[in-house]
$ cat target_5.cif   # mmCIF, C-alpha atoms; chains and numbers go by the auth columns
data_data
#
loop_
_atom_site.group_PDB
_atom_site.id
_atom_site.type_symbol
_atom_site.label_atom_id
_atom_site.label_comp_id
_atom_site.label_asym_id
_atom_site.label_seq_id
_atom_site.Cartn_x
_atom_site.Cartn_y
_atom_site.Cartn_z
_atom_site.B_iso_or_equiv
_atom_site.auth_seq_id
_atom_site.auth_asym_id
ATOM 1 C CA MET A 1 -21.799 -6.724 15.386 0.00 1 A
ATOM 2 C CA THR A 2 -18.924 -7.478 17.736 0.00 2 A
ATOM 3 C CA LYS A 3 -15.355 -6.439 17.149 0.00 3 A
ATOM 4 C CA GLN A 4 -14.318 -10.072 16.674 0.00 4 A
ATOM 5 C CA ALA A 5 -16.996 -10.682 14.027 0.00 5 A
ATOM 6 C CA THR A 6 -15.968 -7.501 12.196 0.00 6 A
ATOM 7 C CA THR A 7 -12.322 -8.574 12.219 0.00 7 A
ATOM 8 C CA ARG A 8 -13.244 -12.051 10.971 0.00 8 A
ATOM 9 C CA ASN A 9 -15.250 -10.526 8.092 0.00 9 A
ATOM 10 C CA ARG A 10 -12.309 -8.342 7.101 0.00 10 A
ATOM 11 C CA VAL A 11 -9.945 -11.322 7.134 0.00 11 A
ATOM 12 C CA GLU A 12 -12.353 -13.347 5.002 0.00 12 A
ATOM 13 C CA ALA A 13 -12.652 -10.452 2.541 0.00 13 A
ATOM 14 C CA ALA A 14 -8.880 -10.007 2.381 0.00 14 A
ATOM 15 C CA GLY A 15 -8.368 -13.736 1.931 0.00 15 A
ATOM 16 C CA GLY A 16 -10.430 -13.796 -1.241 0.00 16 A
ATOM 17 C CA GLY A 17 -13.835 -14.574 0.210 0.00 17 A
ATOM 18 C CA LEU A 18 -15.598 -11.534 -1.216 0.00 18 A
ATOM 19 C CA PHE A 19 -12.985 -10.135 -3.589 0.00 19 A
ATOM 20 C CA SER A 20 -10.611 -11.916 -5.894 0.00 20 A
ATOM 21 C CA ASP A 21 -6.977 -10.829 -5.949 0.00 21 A
ATOM 22 C CA THR A 22 -7.451 -9.450 -9.466 0.00 22 A
ATOM 23 C CA THR A 23 -10.379 -7.315 -8.349 0.00 23 A
ATOM 24 C CA THR A 24 -8.442 -5.963 -5.383 0.00 24 A
ATOM 25 C CA ILE A 25 -5.413 -5.082 -7.502 0.00 25 A
ATOM 26 C CA ALA A 26 -7.626 -3.458 -10.140 0.00 26 A
ATOM 27 C CA ALA A 27 -9.365 -1.401 -7.449 0.00 27 A
ATOM 28 C CA LEU A 28 -6.033 -0.214 -6.041 0.00 28 A
ATOM 29 C CA LEU A 29 -4.796 0.719 -9.513 0.00 29 A
ATOM 30 C CA PHE A 30 -8.023 2.620 -10.179 0.00 30 A
ATOM 31 C CA LEU A 31 -7.744 4.539 -6.901 0.00 31 A
ATOM 32 C CA ALA A 32 -4.099 5.403 -7.577 0.00 32 A
ATOM 33 C CA ALA A 33 -4.916 6.687 -11.076 0.00 33 A
ATOM 34 C CA LYS A 34 -8.152 8.519 -10.217 0.00 34 A
ATOM 35 C CA PHE A 35 -6.980 10.039 -6.925 0.00 35 A
ATOM 36 C CA PRO A 36 -3.219 10.768 -7.177 0.00 36 A
ATOM 37 C CA HIS A 37 -3.090 12.335 -3.703 0.00 37 A
ATOM 38 C CA ARG A 38 -4.649 9.334 -1.959 0.00 38 A
ATOM 39 C CA GLN A 39 -2.448 7.815 0.687 0.00 39 A
ATOM 40 C CA PHE A 40 -1.961 4.058 0.840 0.00 40 A
ATOM 41 C CA ASN A 41 -0.606 1.820 3.580 0.00 41 A
ATOM 42 C CA SER A 42 2.539 -0.257 3.031 0.00 42 A
ATOM 43 C CA ALA A 43 0.680 -3.437 2.011 0.00 43 A
ATOM 44 C CA GLU A 44 -1.281 -1.565 -0.670 0.00 44 A
ATOM 45 C CA LEU A 45 1.850 0.203 -1.904 0.00 45 A
ATOM 46 C CA SER A 46 3.646 -3.119 -2.063 0.00 46 A
ATOM 47 C CA VAL A 47 1.004 -4.355 -4.513 0.00 47 A
ATOM 48 C CA LEU A 48 0.947 -1.120 -6.519 0.00 48 A
ATOM 49 C CA SER A 49 4.697 -0.572 -6.797 0.00 49 A
ATOM 50 C CA GLY A 50 6.024 -4.124 -6.923 0.00 50 A
ATOM 51 C CA VAL A 51 8.330 -3.492 -3.979 0.00 51 A
ATOM 52 C CA GLY A 52 8.412 -6.425 -1.568 0.00 52 A
ATOM 53 C CA ARG A 53 7.045 -6.168 1.948 0.00 53 A
ATOM 54 C CA THR A 54 10.500 -6.515 3.523 0.00 54 A
ATOM 55 C CA ALA A 55 11.860 -3.664 1.415 0.00 55 A
ATOM 56 C CA MET A 56 8.725 -1.628 2.172 0.00 56 A
ATOM 57 C CA SER A 57 9.368 -2.116 5.886 0.00 57 A
ATOM 58 C CA GLN A 58 12.944 -0.900 5.412 0.00 58 A
ATOM 59 C CA ILE A 59 11.663 2.139 3.505 0.00 59 A
ATOM 60 C CA LYS A 60 9.237 2.931 6.338 0.00 60 A
ATOM 61 C CA ASN A 61 12.114 2.774 8.834 0.00 61 A
ATOM 62 C CA ALA A 62 14.553 4.845 6.756 0.00 62 A
ATOM 63 C CA ALA A 63 15.692 8.210 8.102 0.00 63 A
ATOM 64 C CA ASP A 64 14.221 10.078 5.116 0.00 64 A
ATOM 65 C CA THR A 65 11.103 7.944 4.774 0.00 65 A
ATOM 66 C CA PRO A 66 8.313 9.133 2.470 0.00 66 A
ATOM 67 C CA PHE A 67 5.723 7.707 4.893 0.00 67 A
ATOM 68 C CA SER A 68 3.762 9.957 7.205 0.00 68 A
ATOM 69 C CA LEU A 69 1.677 8.367 9.969 0.00 69 A
ATOM 70 C CA GLY A 70 2.077 4.968 8.280 0.00 70 A
ATOM 71 C CA LYS A 71 0.751 6.076 4.888 0.00 71 A
ATOM 72 C CA CYS A 72 2.238 7.436 1.691 0.00 72 A
ATOM 73 C CA THR A 73 1.140 8.527 -1.786 0.00 73 A
ATOM 74 C CA LEU A 74 2.319 6.552 -4.793 0.00 74 A
ATOM 75 C CA GLN A 75 4.040 9.642 -6.248 0.00 75 A
ATOM 76 C CA ARG A 76 5.957 10.288 -3.029 0.00 76 A
ATOM 77 C CA LEU A 77 7.098 6.650 -2.943 0.00 77 A
ATOM 78 C CA ASP A 78 8.146 6.806 -6.617 0.00 78 A
ATOM 79 C CA GLY A 79 10.155 9.962 -5.941 0.00 79 A
ATOM 80 C CA TRP A 80 11.842 8.349 -2.961 0.00 80 A
ATOM 81 C CA LEU A 81 12.635 5.200 -4.966 0.00 81 A
ATOM 82 C CA ALA A 82 14.178 7.345 -7.740 0.00 82 A
ATOM 83 C CA LYS A 83 16.630 8.751 -5.168 0.00 83 A
ATOM 84 C CA HIS A 84 17.326 5.300 -3.692 0.00 84 A
ATOM 85 C CA PRO A 85 17.754 2.869 -6.631 0.00 85 A
ATOM 86 C CA GLY A 86 18.870 0.006 -4.359 0.00 86 A
ATOM 87 C CA PHE A 87 15.279 -0.567 -3.211 0.00 87 A
ATOM 88 C CA LYS A 88 13.741 -0.794 -6.670 0.00 88 A
ATOM 89 C CA GLN A 89 13.056 -4.331 -7.912 0.00 89 A
ATOM 90 C CA GLU A 90 13.697 -4.875 -11.591 0.00 90 A
#
$ encode --input "target_5.cif" --output "structure tokens"
Amino acid sequence: MTKQATTRNRVEAAGGGLFSDTTTIAALLFLAAKFPHRQFNSAELSVLSGVGRTAMSQIKNAADTPFSLGKCTLQRLDGWLAKHPGFKQE
């Protein structure tokens, strides 16, 4: 399988071809609950935490960012958000 075909399959899967949005969100919630030390990327954390992608980008670029190598645990993000209430959406 070529790299282009693999990328196309991933885009189709992310767009709802193989998984519905509800299934994807449920899977992320399951992983976060079952494996608390699992690291997520910013798009996944945006879904899990309810923080918008723009705010997530600002969090990643902050001086005291909870992200390491582009990934972060949900607990680390929650702790960071507790110290920085301006980023939390209510």
$ atom_distance --input "target_5.cif" --atom1 "CA of Arg76 (chain A)" --atom2 "CA of Gln39 (chain A)"
9.5 Å
$ residues_around --input "target_5.cif" --residues "Ser68 (chain A)" --least-positions-apart "5" --cutoff "10 Å" --atoms "only C-alpha atoms" --output "MDAnalysis selection string"
chainID A and resid 39 41 60 73
$ closest_residue --input "target_5.cif" --among "A:Leu48, A:Leu74, A:Ala63, A:Ala55" --to "Pro36 (chain A)" --atoms "all atoms listed in the file"
A:Leu74
$ closest_residue --input "target_5.cif" --among "A:Leu28, A:Lys83, A:Gln58, A:Gly52" --to "Phe40 (chain A)" --atoms "all atoms listed in the file"
A:Leu28
$ axis_aligned_box --input "target_5.cif" --around "region 29-44 of chain A" --padding-each-side "6 Å" --output "JSON"
{"center_x": -2.8, "center_y": 4.4, "center_z": -3.7, "size_x": 22.7, "size_y": 27.8, "size_z": 26.7}
$ closest_residue --input "target_5.cif" --among "A:Thr24, A:Leu31, A:Gly70, A:Ala82" --to "Ser57 (chain A)" --atoms "all atoms listed in the file"
A:Gly70
$ atom_distance --input "target_5.cif" --atom1 "CA of His84 (chain A)" --atom2 "CA of Ser49 (chain A)"
14.3 Å
$ residues_around --input "target_5.cif" --residues "Thr65 (chain A)" --least-positions-apart "6" --cutoff "9 Å" --atoms "all atoms listed in the file" --output "list in words"
Ile59, Leu77 and Trp80 of chain A
$ atom_distance --input "target_5.cif" --atom1 "CA of Lys71 (chain A)" --atom2 "CA of Thr22 (chain A)"
22.7 Å
$ closest_residue --input "target_5.cif" --among "A:Asp78, A:Gly86, A:Asp64, A:Ala32" --to "Glu44 (chain A)" --atoms "all atoms listed in the file"
A:Ala32
